[in-house]
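The data block below is start-v9.tsv; it holds TSV, C-alpha atoms.
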chain	number	residue	atom	x	y	z
F	1	VAL	CA	27.11	6.00	25.24
F	2	VAL	CA	26.79	6.28	29.04
F	3	LYS	CA	30.20	4.66	29.58
F	4	ALA	CA	31.75	7.15	27.16
F	5	LEU	CA	30.05	10.02	29.00
F	6	VAL	CA	31.38	8.90	32.38
F	7	ASP	CA	34.89	8.20	31.13
F	8	GLY	CA	35.22	11.35	29.06
F	9	ALA	CA	33.38	14.03	31.03
F	10	GLY	CA	34.77	13.37	34.49
F	11	PHE	CA	31.32	13.31	36.20
F	12	GLY	CA	30.25	10.68	38.72
F	13	ARG	CA	27.41	9.13	36.76
F	14	ALA	CA	25.66	9.29	33.39
F	15	ALA	CA	22.31	8.21	32.06
F	16	ILE	CA	20.17	8.24	28.99
F	17	VAL	CA	16.65	9.19	30.06
F	18	ARG	CA	13.43	9.37	28.08
F	19	PRO	CA	10.19	11.10	29.15
F	20	VAL	CA	7.23	8.70	29.23
F	21	ARG	CA	4.35	11.05	30.03
F	22	GLY	CA	5.62	14.54	29.45
F	23	PHE	CA	8.13	15.03	32.26
F	24	GLU	CA	5.94	13.42	34.91
F	25	GLU	CA	7.59	10.04	34.43
F	26	LEU	CA	11.08	9.26	33.19
F	27	GLU	CA	12.51	6.03	31.82
F	28	VAL	CA	16.18	5.32	32.49
F	29	VAL	CA	17.28	3.71	29.24
F	30	ALA	CA	20.93	3.25	30.26
F	31	PHE	CA	23.03	4.10	33.29
F	32	SER	CA	26.70	4.08	34.26
F	33	THR	CA	28.90	5.37	37.10
F	34	ASN	CA	32.60	5.95	37.51
F	35	SER	CA	34.72	3.67	39.66
F	36	THR	CA	34.33	5.81	42.82
F	37	SER	CA	30.56	6.40	42.69
F	38	ARG	CA	28.26	4.21	44.75
F	39	ILE	CA	24.98	5.74	43.65
F	40	ALA	CA	22.68	3.29	41.95
F	41	HIS	CA	20.43	4.28	39.08
F	42	GLU	CA	17.35	3.65	41.22
F	43	GLY	CA	18.22	6.88	42.99
F	44	LEU	CA	18.60	8.84	39.78
F	45	SER	CA	16.13	11.72	39.55
F	46	PRO	CA	17.24	14.30	36.99
F	47	SER	CA	15.86	17.75	37.53
F	48	ARG	CA	12.74	18.27	35.44
F	49	THR	CA	13.69	21.92	35.24
F	50	LEU	CA	17.00	20.84	33.66
F	51	LEU	CA	15.20	18.55	31.22
F	52	GLN	CA	12.65	21.18	30.30
F	53	GLU	CA	15.41	23.62	29.46
F	54	ALA	CA	17.13	20.95	27.37
F	55	SER	CA	13.80	20.21	25.65
F	56	LYS	CA	14.22	23.58	23.93
F	57	GLY	CA	16.91	21.87	21.83
F	58	ARG	CA	20.00	23.13	23.64
F	59	ILE	CA	22.54	21.70	26.06
F	60	VAL	CA	22.10	22.95	29.63
F	61	ARG	CA	24.55	23.13	32.55
F	62	MET	CA	23.24	23.38	36.09
F	63	ASP	CA	25.82	25.80	37.48
F	64	GLU	CA	25.08	28.27	34.70
F	65	ASP	CA	21.43	28.67	35.73
F	66	PRO	CA	20.54	29.69	39.35
F	67	GLN	CA	16.93	28.55	38.80
F	68	ILE	CA	18.09	25.03	38.02
F	69	GLN	CA	20.46	25.05	41.02
F	70	GLN	CA	17.49	25.74	43.30
F	71	ALA	CA	15.32	22.99	41.82
F	72	GLN	CA	13.92	20.67	44.48
F	73	SER	CA	15.10	17.48	42.78
F	74	ILE	CA	18.64	18.86	42.58
F	75	ILE	CA	18.67	19.84	46.25
F	76	GLN	CA	17.17	16.53	47.45
F	77	MET	CA	19.67	14.46	45.50
F	78	GLY	CA	22.58	16.59	46.68
F	79	VAL	CA	23.66	17.11	43.08
F	80	ALA	CA	26.49	19.62	42.81
F	81	GLN	CA	27.02	19.62	39.07
F	82	ALA	CA	24.90	18.42	36.15
F	83	ILE	CA	24.72	18.69	32.37
F	84	CYS	CA	21.84	17.65	30.12
F	85	ALA	CA	21.93	17.44	26.31
F	86	PRO	CA	19.05	16.55	23.99
F	87	ILE	CA	19.53	13.56	21.67
F	88	MET	CA	18.03	14.57	18.36
F	89	VAL	CA	16.86	12.30	15.56
F	90	GLY	CA	15.97	14.63	12.74
F	91	ASP	CA	14.00	17.48	14.23
F	92	SER	CA	12.65	15.54	17.21
F	93	ILE	CA	14.14	14.88	20.64
F	94	GLU	CA	14.25	11.15	21.30
F	95	ALA	CA	15.96	11.20	24.72
F	96	TYR	CA	18.41	13.13	26.88
F	97	ALA	CA	22.04	12.53	27.79
F	98	TYR	CA	22.37	13.39	31.47
F	99	ILE	CA	25.53	13.52	33.62
F	100	ASP	CA	25.91	14.71	37.19
F	101	SER	CA	28.15	14.63	40.24
F	102	GLN	CA	27.40	14.97	43.95
F	103	SER	CA	30.78	16.41	44.77
F	104	ALA	CA	31.32	20.10	44.29
F	105	THR	CA	35.04	19.48	44.52
F	106	SER	CA	35.14	16.89	41.76
F	107	SER	CA	37.14	17.87	38.70
F	108	PRO	CA	35.11	17.37	35.56
F	109	GLN	CA	36.85	17.95	32.26
F	110	LYS	CA	36.92	21.59	31.14
F	111	ASP	CA	35.29	20.63	27.87
F	112	ALA	CA	32.70	18.39	29.56
F	113	MET	CA	29.84	20.41	28.14
F	114	ALA	CA	31.14	20.25	24.57
F	115	PHE	CA	32.02	16.58	25.04
F	116	CYS	CA	28.49	15.78	26.26
F	117	ALA	CA	27.01	17.67	23.30
F	118	ALA	CA	29.23	15.75	20.85
F	119	ILE	CA	28.30	12.38	22.38
F	120	ALA	CA	24.60	13.31	22.23
F	121	ASP	CA	25.01	14.23	18.54
F	122	LEU	CA	26.76	10.95	17.77
F	123	CYS	CA	24.05	9.06	19.64
F	124	GLY	CA	21.37	10.80	17.57
F	125	LEU	CA	23.20	9.96	14.33
F	126	ALA	CA	23.53	6.31	15.36
F	127	LEU	CA	19.82	6.09	16.21
F	128	SER	CA	18.95	7.71	12.90
F	129	SER	CA	21.15	5.22	11.04
F	130	LEU	CA	19.58	2.27	12.87
F	131	ARG	CA	16.09	3.48	12.08
F	132	ARG	CA	16.95	4.02	8.44
F	133	HIS	CA	18.30	0.47	8.30
F	134	GLN	CA	15.13	-0.86	9.95
F	135	LEU	CA	12.99	1.10	7.49
F	136	GLU	CA	14.97	-0.29	4.56
F	137	MET	CA	14.48	-3.82	5.90
F	138	ARG	CA	10.73	-3.24	6.30
F	139	GLN	CA	10.57	-1.83	2.77
F	140	ARG	CA	12.41	-4.85	1.38
F	141	GLN	CA	10.03	-7.17	3.22
F	142	LEU	CA	7.05	-5.16	1.96
F	143	LEU	CA	8.30	-5.49	-1.61
F	144	LEU	CA	8.70	-9.24	-1.12
F	145	ASP	CA	5.15	-9.44	0.26
F	146	LEU	CA	3.82	-7.38	-2.65
F	147	GLN	CA	5.63	-9.58	-5.15
F	148	ALA	CA	4.18	-12.69	-3.47
F	149	ALA	CA	0.70	-11.14	-3.67
F	150	HIS	CA	1.30	-10.29	-7.34
F	151	ASP	CA	2.34	-13.90	-8.03
F	152	VAL	CA	-0.85	-15.18	-6.37
F	153	GLN	CA	-2.92	-12.84	-8.53
F	154	ARG	CA	-1.22	-14.05	-11.69
F	155	ARG	CA	-1.93	-17.66	-10.72
F	156	LEU	CA	-5.61	-16.82	-10.25
F	157	MET	CA	-5.77	-15.51	-13.82
F	158	PRO	CA	-5.62	-17.81	-16.85
F	159	PRO	CA	-2.60	-17.79	-19.20
F	160	GLU	CA	-2.36	-14.84	-21.56
F	161	SER	CA	-3.70	-16.83	-24.48
F	162	GLY	CA	-5.31	-20.13	-25.29
F	163	GLN	CA	-8.66	-21.85	-25.67
F	164	ILE	CA	-10.89	-22.83	-22.79
F	165	GLY	CA	-14.11	-24.56	-23.66
F	166	VAL	CA	-15.68	-22.90	-26.70
F	167	ALA	CA	-13.72	-19.64	-26.33
F	168	LYS	CA	-10.38	-18.74	-27.88
F	169	TYR	CA	-8.86	-15.70	-26.19
F	170	ARG	CA	-5.92	-13.38	-25.72
F	171	MET	CA	-5.45	-11.00	-22.82
F	172	HIS	CA	-2.97	-8.53	-21.39
F	173	ALA	CA	-2.87	-7.38	-17.77
F	174	GLN	CA	-0.51	-4.77	-16.35
F	175	SER	CA	-0.87	-3.44	-12.83
F	176	GLY	CA	-0.48	0.24	-12.13
F	177	ARG	CA	1.28	-0.76	-8.91
F	178	HIS	CA	2.95	-3.95	-7.71
F	179	ILE	CA	-0.45	-5.58	-7.23
F	180	ALA	CA	-3.60	-5.10	-9.26
F	181	GLY	CA	-7.27	-4.49	-8.68
F	182	ASP	CA	-8.35	-5.81	-12.10
F	183	LEU	CA	-9.64	-9.34	-12.48
F	184	PHE	CA	-10.11	-11.60	-15.47
F	185	GLY	CA	-11.36	-15.14	-15.68
F	186	ILE	CA	-12.57	-17.71	-18.16
F	187	VAL	CA	-14.56	-20.71	-16.93
F	188	PRO	CA	-15.75	-23.75	-18.96
F	189	LEU	CA	-19.38	-24.61	-18.25
F	190	GLU	CA	-21.58	-27.60	-19.03
F	191	GLY	CA	-22.61	-28.10	-22.63
F	192	GLN	CA	-21.07	-25.90	-25.29
F	193	ARG	CA	-20.78	-22.89	-23.03
F	194	THR	CA	-17.91	-20.85	-21.61
F	195	ALA	CA	-18.09	-17.89	-19.23
F	196	VAL	CA	-15.71	-14.94	-19.53
F	197	PHE	CA	-15.53	-12.04	-17.10
F	198	LEU	CA	-13.45	-8.92	-16.54
F	199	GLY	CA	-13.77	-6.56	-13.61
F	200	ASP	CA	-12.21	-3.60	-11.85
F	201	VAL	CA	-12.04	-3.21	-8.07
F	202	SER	CA	-12.38	0.26	-6.56
F	203	GLY	CA	-9.32	1.64	-4.84
F	204	LYS	CA	-5.73	0.48	-5.00
F	205	GLY	CA	-3.20	-1.45	-2.98
F	206	MET	CA	-3.49	-4.56	-0.84
F	207	ALA	CA	-7.18	-4.10	0.06
F	208	ALA	CA	-8.14	-3.94	-3.63
F	209	ALA	CA	-5.97	-6.98	-4.36
F	210	ILE	CA	-7.67	-9.04	-1.66
F	211	LEU	CA	-11.13	-8.01	-2.91
F	212	MET	CA	-10.05	-8.85	-6.46
F	213	ALA	CA	-9.01	-12.35	-5.42
F	214	THR	CA	-12.25	-12.82	-3.46
F	215	VAL	CA	-14.48	-11.84	-6.39
F	216	GLN	CA	-12.41	-13.84	-8.87
F	217	SER	CA	-12.59	-17.08	-6.91
F	218	HIS	CA	-16.18	-16.64	-5.67
F	219	LEU	CA	-17.53	-15.85	-9.13
F	220	ALA	CA	-15.70	-18.79	-10.71
F	221	ALA	CA	-17.17	-21.11	-8.07
F	222	ALA	CA	-20.68	-19.66	-8.51
F	223	LEU	CA	-20.53	-20.14	-12.29
F	224	ARG	CA	-19.60	-23.80	-11.91
F	225	HIS	CA	-22.40	-24.33	-9.39
F	226	ASP	CA	-25.33	-22.43	-10.94
F	227	ASP	CA	-26.58	-22.59	-14.52
F	228	ASP	CA	-28.28	-19.17	-14.27
F	229	VAL	CA	-25.74	-16.42	-15.03
F	230	VAL	CA	-27.91	-13.70	-13.46
F	231	GLN	CA	-28.30	-15.70	-10.28
F	232	CYS	CA	-24.50	-16.12	-10.14
F	233	VAL	CA	-23.99	-12.35	-10.18
F	234	ASN	CA	-26.74	-11.88	-7.57
F	235	THR	CA	-25.03	-14.42	-5.30
F	236	VAL	CA	-21.59	-12.83	-5.64
F	237	ASN	CA	-23.02	-9.37	-5.08
F	238	ARG	CA	-24.72	-10.33	-1.82
F	239	PHE	CA	-21.52	-12.00	-0.62
F	240	ILE	CA	-19.37	-8.96	-1.40
F	241	VAL	CA	-21.84	-6.53	0.21
F	242	LYS	CA	-21.70	-8.63	3.38
F	243	HIS	CA	-17.91	-8.84	3.48
F	244	SER	CA	-16.75	-5.41	2.30
F	245	SER	CA	-16.90	-1.80	3.43
F	246	GLU	CA	-19.16	0.89	1.99
F	247	ARG	CA	-16.38	2.25	-0.22
F	248	GLU	CA	-15.44	-1.11	-1.73
F	249	PHE	CA	-17.15	-2.23	-4.92
F	250	VAL	CA	-16.37	-3.99	-8.18
F	251	THR	CA	-17.45	-3.20	-11.72
F	252	LEU	CA	-17.88	-6.39	-13.72
F	253	PHE	CA	-18.69	-7.47	-17.27
F	254	LEU	CA	-19.68	-11.12	-17.55
F	255	ALA	CA	-20.43	-12.95	-20.81
F	256	VAL	CA	-21.48	-16.56	-21.34
F	257	ILE	CA	-20.82	-17.86	-24.84
F	258	ASP	CA	-23.19	-20.62	-25.99
F	259	ALA	CA	-21.70	-22.20	-29.10
F	260	GLY	CA	-24.68	-24.50	-29.59
F	261	ALA	CA	-27.19	-21.64	-29.63
F	262	GLY	CA	-24.88	-19.14	-31.34
F	263	THR	CA	-25.45	-16.55	-28.61
F	264	VAL	CA	-23.60	-14.58	-25.95
F	265	THR	CA	-25.44	-13.65	-22.76
F	266	CYS	CA	-24.02	-10.58	-21.01
F	267	VAL	CA	-24.42	-8.97	-17.60
F	268	ASP	CA	-22.88	-5.53	-17.12
F	269	ALA	CA	-22.52	-4.64	-13.44
F	270	GLY	CA	-21.56	-0.99	-13.80
F	271	HIS	CA	-18.56	-1.72	-16.01
F	272	GLY	CA	-19.41	-0.43	-19.48
F	273	TYR	CA	-16.17	-1.21	-21.33
F	274	ALA	CA	-17.00	-3.87	-23.90
F	275	ALA	CA	-17.28	-4.01	-27.68
F	276	MET	CA	-18.18	-6.56	-30.35
F	277	VAL	CA	-16.07	-6.76	-33.50
F	278	ARG	CA	-18.06	-8.39	-36.29
F	279	PRO	CA	-16.55	-10.21	-39.32
F	280	GLY	CA	-15.33	-7.64	-41.81
F	281	GLY	CA	-14.39	-5.09	-39.12
F	282	ALA	CA	-17.81	-3.69	-38.21
F	283	ILE	CA	-17.64	-2.76	-34.55
F	284	GLU	CA	-20.17	-1.73	-31.94
F	285	ARG	CA	-19.93	-0.63	-28.34
F	286	LEU	CA	-21.99	-3.06	-26.26
F	287	THR	CA	-24.73	-1.55	-24.14
F	288	VAL	CA	-26.38	-4.40	-22.27
F	289	ALA	CA	-28.54	-4.93	-19.20
F	290	GLY	CA	-26.99	-5.43	-15.80
F	291	GLY	CA	-27.12	-3.28	-12.69
F	292	LEU	CA	-25.02	-1.51	-10.11
F	293	PRO	CA	-21.38	-2.38	-9.47
F	294	ILE	CA	-21.04	-5.41	-7.23
F	295	GLY	CA	-20.81	-4.67	-3.52
F	296	ILE	CA	-23.09	-1.62	-3.32
F	297	ASP	CA	-26.63	-2.94	-2.78
F	298	ALA	CA	-27.44	-6.47	-1.63
F	299	ALA	CA	-31.02	-6.07	-2.87
F	300	CYS	CA	-29.93	-5.35	-6.45
F	301	GLU	CA	-31.40	-7.87	-8.92
F	302	TYR	CA	-29.26	-8.03	-12.03
F	303	GLN	CA	-30.49	-8.51	-15.59
F	304	ALA	CA	-28.93	-10.01	-18.69
F	305	THR	CA	-28.99	-9.36	-22.42
F	306	THR	CA	-28.61	-12.17	-24.97
F	307	LEU	CA	-27.09	-11.30	-28.35
F	308	PRO	CA	-26.53	-13.39	-31.48
F	309	VAL	CA	-22.90	-14.17	-32.26
F	310	THR	CA	-21.42	-15.60	-35.44
F	311	GLY	CA	-18.15	-17.25	-36.29
F	312	GLY	CA	-15.33	-14.76	-36.65
F	313	SER	CA	-16.86	-12.30	-34.17
F	314	ARG	CA	-14.73	-11.07	-31.29
F	315	LEU	CA	-15.84	-9.83	-27.89
F	316	VAL	CA	-13.37	-7.27	-26.48
F	317	ILE	CA	-13.54	-6.29	-22.80
F	318	PHE	CA	-11.17	-3.92	-21.01
F	319	SER	CA	-10.75	-2.01	-17.76
F	320	ASP	CA	-11.09	1.73	-17.25
F	321	GLY	CA	-7.31	2.05	-17.00
F	322	ILE	CA	-7.26	2.20	-20.81
F	323	PRO	CA	-9.84	4.90	-21.69
F	324	GLU	CA	-9.02	6.96	-18.58
F	325	GLN	CA	-5.25	6.98	-19.12
F	326	GLN	CA	-4.12	10.57	-19.58
F	327	SER	CA	-1.47	12.04	-21.81
F	328	VAL	CA	1.13	14.42	-20.43
F	329	GLU	CA	-1.22	17.25	-21.47
F	330	GLY	CA	-4.08	15.76	-19.45
F	331	GLU	CA	-6.16	14.40	-22.36
F	332	GLU	CA	-7.84	11.01	-21.80
F	333	PHE	CA	-7.25	8.11	-24.19
F	334	GLY	CA	-11.01	7.60	-24.48
F	335	PHE	CA	-13.37	4.83	-25.60
F	336	ALA	CA	-13.60	6.12	-29.20
F	337	ARG	CA	-9.85	5.69	-29.71
F	338	VAL	CA	-10.13	2.06	-28.56
F	339	LEU	CA	-12.98	1.43	-31.02
F	340	ASP	CA	-10.96	2.95	-33.90
F	341	LEU	CA	-7.99	0.70	-33.13
F	342	LEU	CA	-10.19	-2.40	-32.92
F	343	ALA	CA	-11.91	-1.53	-36.20
F	344	GLN	CA	-8.51	-1.51	-37.92
F	345	SER	CA	-7.32	-4.69	-36.20
F	346	GLY	CA	-6.92	-7.92	-38.12
F	347	GLY	CA	-7.55	-10.36	-35.27
F	348	MET	CA	-7.09	-11.19	-31.60
F	349	GLU	CA	-3.33	-10.69	-31.46
F	350	SER	CA	-3.65	-7.33	-33.19
F	351	ASP	CA	-6.46	-6.29	-30.83
F	352	ILE	CA	-4.12	-6.55	-27.87
F	353	SER	CA	-0.92	-5.27	-29.46
F	354	SER	CA	-2.44	-2.26	-31.22
F	355	VAL	CA	-4.30	-1.00	-28.13
F	356	THR	CA	-1.40	-1.48	-25.69
F	357	LYS	CA	1.16	-0.03	-28.13
F	358	SER	CA	-1.02	3.02	-28.78
F	359	LEU	CA	-1.63	3.45	-25.04
F	360	ARG	CA	2.11	3.48	-24.28
F	361	GLU	CA	2.71	6.03	-27.01
F	362	PHE	CA	-0.19	8.15	-25.76
F	363	ALA	CA	1.06	8.06	-22.15
F	364	GLU	CA	4.69	8.42	-23.28
F	365	SER	CA	5.53	5.77	-20.72
F	366	ASP	CA	5.65	2.01	-20.25
F	367	SER	CA	3.84	2.37	-16.92
F	368	PHE	CA	0.29	3.57	-16.48
F	369	ALA	CA	-1.68	5.53	-13.90
F	370	ASP	CA	-4.06	2.63	-13.24
F	371	ASP	CA	-4.32	-1.10	-13.83
F	372	VAL	CA	-4.67	-1.94	-17.51
F	373	THR	CA	-6.42	-5.15	-18.57
F	374	ILE	CA	-7.77	-6.02	-21.99
F	375	ALA	CA	-9.12	-9.32	-23.29
F	376	THR	CA	-10.36	-10.35	-26.71
F	377	ILE	CA	-12.47	-13.49	-27.03
F	378	GLU	CA	-13.49	-15.34	-30.18
F	379	PRO	CA	-16.21	-17.98	-29.90
F	380	ALA	CA	-15.20	-21.30	-31.45
F	381	LEU	CA	-18.38	-21.73	-33.50
Write the structure described by the file as structure tokens, please.
Amino acid sequence: VVKALVDGAGFGRAAIVRPVRGFEELEVVAFSTNSTSRIAHEGLSPSRTLLQEASKGRIVRMDEDPQIQQAQSIIQMGVAQAICAPIMVGDSIEAYAYIDSQSATSSPQKDAMAFCAAIADLCGLALSSLRRHQLEMRQRQLLLDLQAAHDVQRRLMPPESGQIGVAKYRMHAQSGRHIAGDLFGIVPLEGQRTAVFLGDVSGKGMAAAILMATVQSHLAAALRHDDDVVQCVNTVNRFIVKHSSEREFVTLFLAVIDAGAGTVTCVDAGHGYAAMVRPGGAIERLTVAGGLPIGIDAACEYQATTLPVTGGSRLVIFSDGIPEQQSVEGEEFGFARVLDLLAQSGGMESDISSVTKSLREFAESDSFADDVTIATIEPAL
């Protein structure tokens, strides 16, 4: 740019300058002189009056403004002619194209002012293009990072169907964004017992994803280490309170199926979205003991409720992305609609397909406003 300015405008030297602290300090980004000039860039001191006029978004020529001609910096440098043009990127001035000459008898090009303005415009367009390219590269890298995070989350979750321990299950998880804040796990325990849990992390984005992974792994480890399900939740809660901010918390529904005793022991940490489908289609919304969402109060002591369970029963747990999904008119899908669909379902596969199909039709979209996770579990009694 500076070489083009010198060659095309007929002035002795050219520079790209950028204010560092207002106009108190200037950075010379680039500098060039013509073949006859001996002035080094260390001696360059553009008139702040000239720059301030150009900061109004217009090109300024020294000999057209007596006030600029009398500026101290102009007089001290012996500058006879000078032009300054703002370099715009969008609506902001990124730098200034400055050309000057110490000889009043030099013969700059007649269109030097227009030429300088054109070069400044081209420079601004080039900078804008470079920044757009850099932004696109950062966006591509961000998408790659998000996809990698999504892949890690999927590996933390079990397969979409199968049997682990004494629990047969099916599940469906769909993130509202590239990465999810919902968690689901199924952990075989000693004896004829299997733990199943589903939770929802507050917030969205990378922070929620990291908290999701932390709770998922920490809870799975606690369940394998401690036989007391309530103590496991207490331990995870204290850990999350210690390592999260005040606005970060996790709702969680945890159930331990004991095939030998024919029971399911549940802890509901502020989650509330669980139902039991009995043989023959009778269905009930589960209201069980528990406590606050995990991560709010380290002193919270959770409680559990033990319920009888028979062969052919199904425990269905889901995240709030299902009942809180809105239609285009703003109506929520609701818990009652989920219960109606489950009551008409013929089994685990139908539990998942009927709810997700109805949700897509209700939202009139294949994507949802929030993470959607649903799991149906049948004890192998």
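The coordinates place CA of Gly124 in chain F at 11.0 Å from CA of Ala85 in chain F.
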Interatomic distance, CA of Ala269 in chain F to CA of Thr251 in chain F (Å, one decimal):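 Computing it gives 5.5 Å between the two atoms.
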Do a neighbour search on range 295-307 of chain F at 8 Å with all atoms listed in the file, toss out local chain neighbours closer than 4 positions, and write the hits as a ChimeraX atom specification. /F:230-231,233-234,237-242,244,246,248-250,263-269,288-291
Leaving out Gly22 in chain F and any residue of its chain fewer than 4 positions from it, which residues lie within 10 Å of it when counting only C-alpha atoms, given as a VMD selection string? chain F and resid 18 26 52
Point (29.2, 12.3, 36.3), cut-off 8 Å, counting only C-alpha atoms, residues as a list in words: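 The answer, in the requested form, is Leu5, Val6, Ala9, Gly10, Phe11, Gly12, Arg13, Ala14, Thr33, Asn34, Ala82, Ile99, Asp100, Ser101 and Pro108 of chain F.
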For the residues in the current selection, export C-alpha atoms as a short mmCIF file (atom, residue, chain, number, x, y, z; two decimals), in the frame of the given file.
data_model
loop_
_atom_site.label_atom_id
_atom_site.label_comp_id
_atom_site.auth_asym_id
_atom_site.auth_seq_id
_atom_site.Cartn_x
_atom_site.Cartn_y
_atom_site.Cartn_z
CA LEU F 5 30.05 10.02 29.00
CA VAL F 6 31.38 8.90 32.38
CA ALA F 9 33.38 14.03 31.03
CA GLY F 10 34.77 13.37 34.49
CA PHE F 11 31.32 13.31 36.20
CA GLY F 12 30.25 10.68 38.72
CA ARG F 13 27.41 9.13 36.76
CA ALA F 14 25.66 9.29 33.39
CA THR F 33 28.90 5.37 37.10
CA ASN F 34 32.60 5.95 37.51
CA ALA F 82 24.90 18.42 36.15
CA ILE F 99 25.53 13.52 33.62
CA ASP F 100 25.91 14.71 37.19
CA SER F 101 28.15 14.63 40.24
CA PRO F 108 35.11 17.37 35.56
#
One decimal, in Å: what's the spacing between CA of Glu378 in chain F and CA of Asp366 in chain F?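 Taking CA of Glu378 in chain F as the start and CA of Asp366 in chain F as the end point, the length is 27.7 Å.
Between Phe333 in chain F and the candidates F:Ala112, F:Ala363, F:Met348, F:Ala120, the tightest atom-to-atom separation, counting all atoms listed in the file, involves F:Ala363.
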Which residues come within 7 Å of Ala30 in chain F, counting all atoms listed in the file, excluding same-chain residues fewer than 4 positions away, as a ChimeraX atom specification? /F:2,15-16
Spatial neighbours of Phe115 in chain F, 10 Å, all atoms listed in the file, chain gap at least 4 places, as a ChimeraX atom specification: /F:4-5,8-9,109-111,119-121
Given the point (-15.0, -5.6, -38.9) in the file's coordinates, find the residues that have an atom at most 12 Å from it, counting all atoms listed in the file, and give them as a list in words.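 Within 12 Å of (-15.0, -5.6, -38.9), the protein and nucleic acid residues are Ala275, Met276, Val277, Arg278, Pro279, Gly280, Gly281, Ala282, Ile283, Glu284, Gly312, Ser313, Arg314, Leu315, Leu339, Asp340, Leu341, Leu342, Ala343, Gln344, Ser345, Gly346, Gly347 and Asp351 of chain F.
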Within 12 Å of His218 in chain F using all atoms listed in the file, minus same-chain residues under 3 positions, as number ranges by chain: F: 156, 183, 185, 211-215, 221-225, 232-240
Tell me which of F:Arg140, F:Met206, F:Tyr98, F:Thr376 sits closest to Ser353 in chain F, counting all atoms listed in the file.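 For Ser353 in chain F, the nearest of the given residues is F:Thr376.
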